>>> print(open('query-v3.txt').read())   # compact mmCIF, C-alpha atoms
# COMPACT_ATOMS: atom_id res chain seq x y z
CA MET E 297 -15.52 7.03 -0.13
CA SER E 298 -17.93 6.24 -2.98
CA SER E 299 -18.70 9.98 -3.19
CA LEU E 300 -15.02 10.91 -3.13
CA GLY E 301 -14.23 11.10 -6.82
CA ARG E 302 -10.94 11.86 -8.53
CA ARG E 303 -11.73 15.59 -8.85
CA LYS E 304 -12.40 15.94 -5.13
CA ILE E 305 -9.21 14.05 -4.32
CA LYS E 306 -7.31 16.33 -6.70
CA ARG E 307 -8.67 19.42 -4.88
CA TYR E 308 -7.74 17.81 -1.56
CA LEU E 309 -4.15 17.28 -2.70
CA ARG E 310 -3.93 20.81 -4.07
CA SER E 311 -5.06 22.19 -0.70
CA MET E 312 -1.96 20.86 1.02
CA ILE E 313 0.77 21.14 -1.59
CA THR E 314 1.60 24.75 -0.67
CA ASP E 315 1.22 24.17 3.08
CA HIS E 316 4.85 23.74 4.14
CA ASP E 317 3.98 22.54 7.65
CA ALA E 318 1.62 19.90 6.23
CA ILE E 319 4.23 18.75 3.70
CA ALA E 320 6.86 18.42 6.44
CA ALA E 321 4.48 16.34 8.59
CA ILE E 322 3.57 14.13 5.61
CA ALA E 323 7.27 13.57 4.87
CA GLU E 324 7.86 12.28 8.40
CA ARG E 325 5.10 9.67 7.96
CA SER E 326 6.05 8.51 4.46
CA SER E 327 8.49 5.92 3.10
CA MET E 328 9.32 3.38 0.41
CA HIS E 329 7.37 0.14 0.88
CA ALA E 330 8.76 -3.36 0.35
CA ASN E 331 5.95 -4.10 -2.10
CA GLY E 332 7.27 -1.61 -4.62
CA PHE E 333 5.50 1.70 -4.05
CA VAL E 334 5.97 4.99 -2.21
CA LYS E 335 3.63 5.16 0.77
CA ILE E 336 2.53 8.75 1.43
CA VAL E 337 0.46 9.10 4.60
CA LEU E 338 -1.44 12.33 4.07
CA GLU E 339 -3.15 12.49 7.47
CA ARG E 340 -4.31 10.45 10.42
CA ARG E 341 -7.47 11.17 12.35
CA ALA E 342 -9.55 9.20 14.90
CA GLY E 343 -7.79 5.92 14.12
CA MET E 344 -8.20 6.32 10.36
CA ALA E 345 -5.71 7.43 7.73
CA ALA E 346 -5.67 8.87 4.21
CA ARG E 347 -2.83 7.51 2.07
CA LEU E 348 -1.44 7.70 -1.43
CA HIS E 349 0.37 4.70 -2.88
CA VAL E 350 2.54 5.71 -5.84
CA TRP E 351 4.11 3.10 -8.10
CA ASN E 352 6.91 3.75 -10.61
CA ALA E 353 7.50 7.39 -9.73
CA ILE E 354 11.01 6.61 -8.45
CA SER E 355 11.77 3.13 -9.88
CA GLU E 356 11.35 1.84 -13.43
CA PRO E 357 7.93 0.35 -14.33
CA ASN E 358 7.63 -3.24 -13.09
CA GLU E 359 11.22 -3.18 -11.81
CA ALA E 360 10.09 -4.81 -8.56
CA PRO E 361 8.76 -8.38 -8.55
CA PRO E 362 5.24 -9.02 -7.22
CA GLY E 363 4.97 -8.09 -3.55
CA ASN E 364 4.51 -10.41 -0.62
CA ILE E 365 1.08 -11.92 -0.06
CA HIS E 366 -0.38 -10.28 3.04
CA ASN E 367 -3.43 -9.07 4.89
CA HIS E 368 -3.82 -5.92 6.98
CA VAL E 369 -4.47 -4.83 10.54
CA TRP E 370 -7.39 -2.76 9.26
CA GLY E 371 -9.84 -2.82 6.38
CA PHE E 372 -9.59 -0.17 3.68
CA CYS E 373 -11.19 1.22 0.56
CA SER E 374 -9.12 2.47 -2.35
CA ARG E 375 -9.71 4.59 -5.45
CA VAL E 376 -7.43 4.12 -8.47
CA LEU E 377 -6.39 7.63 -9.51
CA VAL E 378 -3.84 6.89 -12.21
CA GLY E 379 -2.98 3.77 -14.22
CA ALA E 380 -4.26 0.31 -13.36
CA LEU E 381 -3.63 -2.39 -10.77
CA GLU E 382 -3.71 -6.14 -11.02
CA GLU E 383 -4.73 -7.75 -7.72
CA GLN E 384 -4.59 -11.39 -6.67
CA ARG E 385 -6.52 -12.69 -3.67
CA PHE E 386 -5.73 -15.90 -1.82
CA GLU E 387 -7.16 -18.31 0.73
CA VAL E 388 -5.52 -20.84 3.03
CA GLU E 389 -6.27 -24.31 1.64
CA ASP E 390 -5.38 -27.95 2.29
CA VAL E 391 -3.75 -28.07 -1.13
CA GLY E 392 -1.94 -25.24 -2.85
CA ASP E 393 1.45 -23.58 -2.93
CA ARG E 394 3.48 -24.17 0.22
CA MET E 395 4.35 -20.87 1.86
CA ASP E 396 6.33 -19.73 4.86
CA ARG E 397 4.16 -17.63 7.14
CA TYR E 398 5.29 -14.62 9.17
CA ARG E 399 3.79 -12.20 11.63
CA TYR E 400 4.66 -8.59 10.80
CA PHE E 401 4.61 -5.95 13.54
CA ALA E 402 4.90 -2.45 12.11
CA GLY E 403 7.48 -0.01 13.44
CA ARG E 404 6.25 2.59 15.89
CA ASP E 405 7.15 5.47 13.59
CA SER E 406 8.32 6.11 10.05
CA ALA E 407 11.98 5.71 11.05
CA SER E 408 11.54 2.25 12.62
CA ARG E 409 11.69 -0.97 10.64
CA GLY E 410 8.98 -3.52 11.27
CA ILE E 411 9.56 -6.90 12.90
CA LEU E 412 8.98 -10.18 11.04
CA GLU E 413 8.49 -13.32 13.14
CA PRO E 414 8.32 -16.82 11.58
CA ALA E 415 4.89 -18.36 12.21
CA GLY E 416 5.01 -21.79 10.55
CA VAL E 417 3.86 -22.78 7.07
CA ALA E 418 0.59 -22.79 5.15
CA ARG E 419 -0.75 -23.64 1.72
CA LEU E 420 -2.36 -20.87 -0.30
CA GLY E 421 -4.56 -21.03 -3.37
CA GLU E 422 -5.55 -18.09 -5.55
CA SER E 423 -9.23 -17.27 -5.09
CA ALA E 424 -9.55 -14.29 -7.43
CA ALA E 425 -7.62 -12.31 -10.05
CA LEU E 426 -8.94 -8.76 -10.36
CA SER E 427 -8.16 -5.73 -12.52
CA HIS E 428 -8.74 -2.25 -11.13
CA ARG E 429 -8.74 0.51 -13.75
CA THR E 430 -8.50 4.27 -13.42
CA GLY E 431 -11.45 5.60 -11.44
CA SER E 432 -12.46 2.24 -9.98
CA LEU E 433 -13.11 1.72 -6.28
CA TYR E 434 -12.36 -1.46 -4.37
CA ARG E 435 -12.60 -2.54 -0.74
CA ILE E 436 -10.63 -5.09 1.26
CA GLY E 437 -11.32 -6.43 4.74
CA ASN E 438 -8.53 -6.86 7.26
CA SER E 439 -8.55 -10.67 6.89
CA THR E 440 -8.29 -10.72 3.07
CA LEU E 441 -4.99 -12.12 1.77
CA HIS E 442 -3.85 -10.37 -1.39
CA ARG E 443 -1.10 -8.67 -3.36
CA ALA E 444 -1.21 -6.01 -6.07
CA ARG E 445 1.03 -4.37 -8.64
CA THR E 446 0.75 -1.99 -11.57
CA ALA E 447 -0.65 -3.59 -14.71
CA GLY E 448 1.55 -4.31 -17.73
CA GLU E 449 3.54 -1.35 -19.02
CA GLN E 450 1.20 1.24 -17.54
CA GLY E 451 3.99 3.25 -15.94
CA LEU E 452 2.83 5.55 -13.15
CA GLY E 453 0.20 4.02 -10.87
CA VAL E 454 -1.52 5.86 -8.01
CA THR E 455 -4.19 4.84 -5.52
CA PHE E 456 -5.85 6.86 -2.76
CA ALA E 457 -6.83 4.78 0.25
CA ILE E 458 -8.77 5.36 3.45
CA THR E 459 -7.78 2.87 6.14
CA GLY E 460 -10.08 2.03 9.03
CA SER E 461 -9.39 1.46 12.70
CA ARG E 462 -6.82 -1.14 13.68
CA ARG E 463 -8.41 -4.55 14.34
CA LYS E 464 -5.36 -6.61 15.29
CA VAL E 465 -1.75 -6.16 16.33
CA TYR E 466 0.06 -7.84 13.44
CA THR E 467 -0.22 -8.57 9.74
CA SER E 468 0.18 -12.06 8.26
CA VAL E 469 2.75 -12.16 5.46
CA PHE E 470 3.57 -15.13 3.20
CA ALA E 471 6.52 -16.02 0.99
CA PRO E 472 7.30 -19.20 -1.02
CA SER E 473 8.89 -21.76 1.29
CA GLY E 474 12.66 -21.45 1.30
CA ASP E 475 12.70 -18.05 -0.44
CA PRO E 476 13.92 -15.00 1.46
CA ILE E 477 11.04 -12.73 2.28
CA ARG E 478 11.04 -9.20 0.96
CA GLU E 479 11.36 -6.88 3.94
CA ASP E 480 10.75 -3.17 4.13
CA PRO E 481 13.95 -1.36 3.13
CA PRO E 482 15.56 0.66 5.91
CA LYS E 483 13.11 3.49 6.24
CA ARG E 484 14.23 6.96 5.34
CA MET E 485 12.29 10.13 5.81
CA LEU E 486 11.34 11.36 2.36
CA PRO E 487 12.48 14.99 2.09
CA PRO E 488 9.62 17.49 2.01
CA GLY E 489 10.74 18.63 -1.45
CA GLU E 490 10.41 15.06 -2.74
CA ILE E 491 6.93 14.73 -1.25
CA GLN E 492 5.93 18.02 -2.84
CA SER E 493 7.28 16.85 -6.22
CA LEU E 494 5.42 13.54 -5.96
CA LEU E 495 2.17 15.28 -5.07
CA SER E 496 2.62 17.65 -8.02
CA LEU E 497 3.24 14.65 -10.28
CA VAL E 498 0.07 12.96 -9.06
CA ILE E 499 -2.05 16.12 -9.37
CA ASP E 500 -0.88 16.64 -12.96
CA ALA E 501 -1.61 12.99 -13.82
CA ILE E 502 -5.15 12.83 -12.40
>>> encode(input="query-v3.txt", output="structure tokens")
Amino acid sequence: MSSLGRRKIKRYLRSMITDHDAIAAIAERSSMHANGFVKIVLERRAGMAARLHVWNAISEPNEAPPGNIHNHVWGFCSRVLVGALEEQRFEVEDVGDRMDRYRYFAGRDSASRGILEPAGVARLGESAALSHRTGSLYRIGNSTLHRARTAGEQGLGVTFAITGSRRKVYTSVFAPSGDPIREDPPKRMLPPGEIQSLLSLVIDAI
């Protein structure tokens, strides 16, 4: 991933934008995410995946509140292609903000909503506040608790991520005690034309 710069990623995206079969397959795997971005799954291979996360291409900048605090079922590395991200990382502590904890089991396909199961309470404290600017690379292990959003009034934000092999069956998700948790919206297949337009937007912005 460290050798995969923005120009190579741009060529990679260009290679598929006129491939109608590829665009149709990408559309079936892609959806709006509860944490405020469009998730575009470009391909899956040998337990790994290449994904684009696109903020503010459909909604207004910073329209969505900060996403849920969560970890992942896999580790990943991510390159910021456009804009900037602000990331907060957290740890479970004896003192800190009281949070409701959930187990999140992802849907089996892009049309299925995930399942959230209550899993008690915990206290979380912020362990780091990070800024990731255009071109920067960052890595996160599957046990790291975090959340991220576009920075300030940056408008369009895009990251390219490579996810590793699945290490566990559910994700831990946290929300302030008593507050309703933000769930994935009912998933809809993004039309191939919309995927193609988003990819064109990203290519032009890189």
>>> closest_residue(input="query-v3.txt", among="E:Phe456, E:Phe470, E:Tyr400, E:Phe386", to="E:Leu309", atoms="only C-alpha atoms")
E:Phe456
>>> closest_residue(input="query-v3.txt", among="E:Ala380, E:Cys373, E:Ile365, E:Leu452", to="E:Phe333", atoms="all atoms listed in the file")
E:Leu452
>>> residues_near_point(input="query-v3.txt", point="(-4.9, -5.4, 12.5)", cutoff="10 Å", atoms="all atoms listed in the file", output="list in words")
Asn367, His368, Val369, Trp370, Gly371, Phe401, Asn438, Ser439, Gly460, Ser461, Arg462, Arg463, Lys464, Val465, Tyr466, Thr467 and Ser468 of chain E
>>> closest_residue(input="query-v3.txt", among="E:Gly410, E:Gly416, E:Gly332, E:Gly343", to="E:Asn364", atoms="all atoms listed in the file")
E:Gly332
>>> closest_residue(input="query-v3.txt", among="E:Ala353, E:Ala321, E:Leu497, E:Val454", to="E:Arg340", atoms="all atoms listed in the file")
E:Ala321
>>> atom_distance(input="query-v3.txt", atom1="atom CA of E:Pro472", atom2="atom CA of E:Thr455")
27.0 Å
>>> atom_distance(input="query-v3.txt", atom1="atom CA of E:Ile305", atom2="atom CA of E:Ile319")
16.3 Å
>>> closest_residue(input="query-v3.txt", among="E:Leu377, E:Leu495, E:Val388, E:Met344", to="E:Leu441", atoms="all atoms listed in the file")
E:Val388
>>> atom_distance(input="query-v3.txt", atom1="atom CA of E:Thr459", atom2="atom CA of E:Arg347")
7.9 Å
>>> closest_residue(input="query-v3.txt", among="E:Tyr398, E:Trp351, E:Tyr434, E:Tyr308", to="E:Gly379", atoms="all atoms listed in the file")
E:Trp351
>>> residues_around(input="query-v3.txt", residues="E:Ala320", least_positions_apart="2", cutoff="10 Å", atoms="all atoms listed in the file", output="PyMOL selection string")
chain E and resi 315-318+322-325+485-489+491-492
>>> closest_atom_pairs(input="query-v3.txt", of="stretch 321-420 of chain E", to="stretch 427-431 of chain E", cutoff="12 Å", atoms="all atoms listed in the file", output="Markdown table")
| residue | atom | partner | partner_atom | distance |
| --- | --- | --- | --- | --- |
| E:Ser374 | CA | E:Gly431 | CA | 9.9 |
| E:Arg375 | CA | E:Gly431 | CA | 6.3 |
| E:Val376 | CA | E:Thr430 | CA | 5.1 |
| E:Leu377 | CA | E:Thr430 | CA | 5.6 |
| E:Val378 | CA | E:Thr430 | CA | 5.5 |
| E:Gly379 | CA | E:Thr430 | CA | 5.6 |
| E:Ala380 | CA | E:Arg429 | CA | 4.5 |
| E:Leu381 | CA | E:His428 | CA | 5.1 |
| E:Glu382 | CA | E:Ser427 | CA | 4.7 |
| E:Glu383 | CA | E:Ser427 | CA | 6.2 |
| E:Gln384 | CA | E:Ser427 | CA | 8.9 |
| E:Arg385 | CA | E:Ser427 | CA | 11.4 |
>>> axis_aligned_box(input="query-v3.txt", around="stretch 334-338 of chain E", padding_each_side="6 Å", output="lines of an AutoDock Vina configuration file")
center_x = 2.3
center_y = 8.7
center_z = 1.2
size_x = 19.4
size_y = 19.3
size_z = 18.8
>>> residues_around(input="query-v3.txt", residues="E:Asp396", least_positions_apart="3", cutoff="10 Å", atoms="all atoms listed in the file", output="list in words")
Asp393, Pro414, Ala415, Gly416, Val417, Ala418, Arg419, Val469, Phe470, Ala471, Pro472, Ser473, Gly474, Asp475, Pro476 and Ile477 of chain E
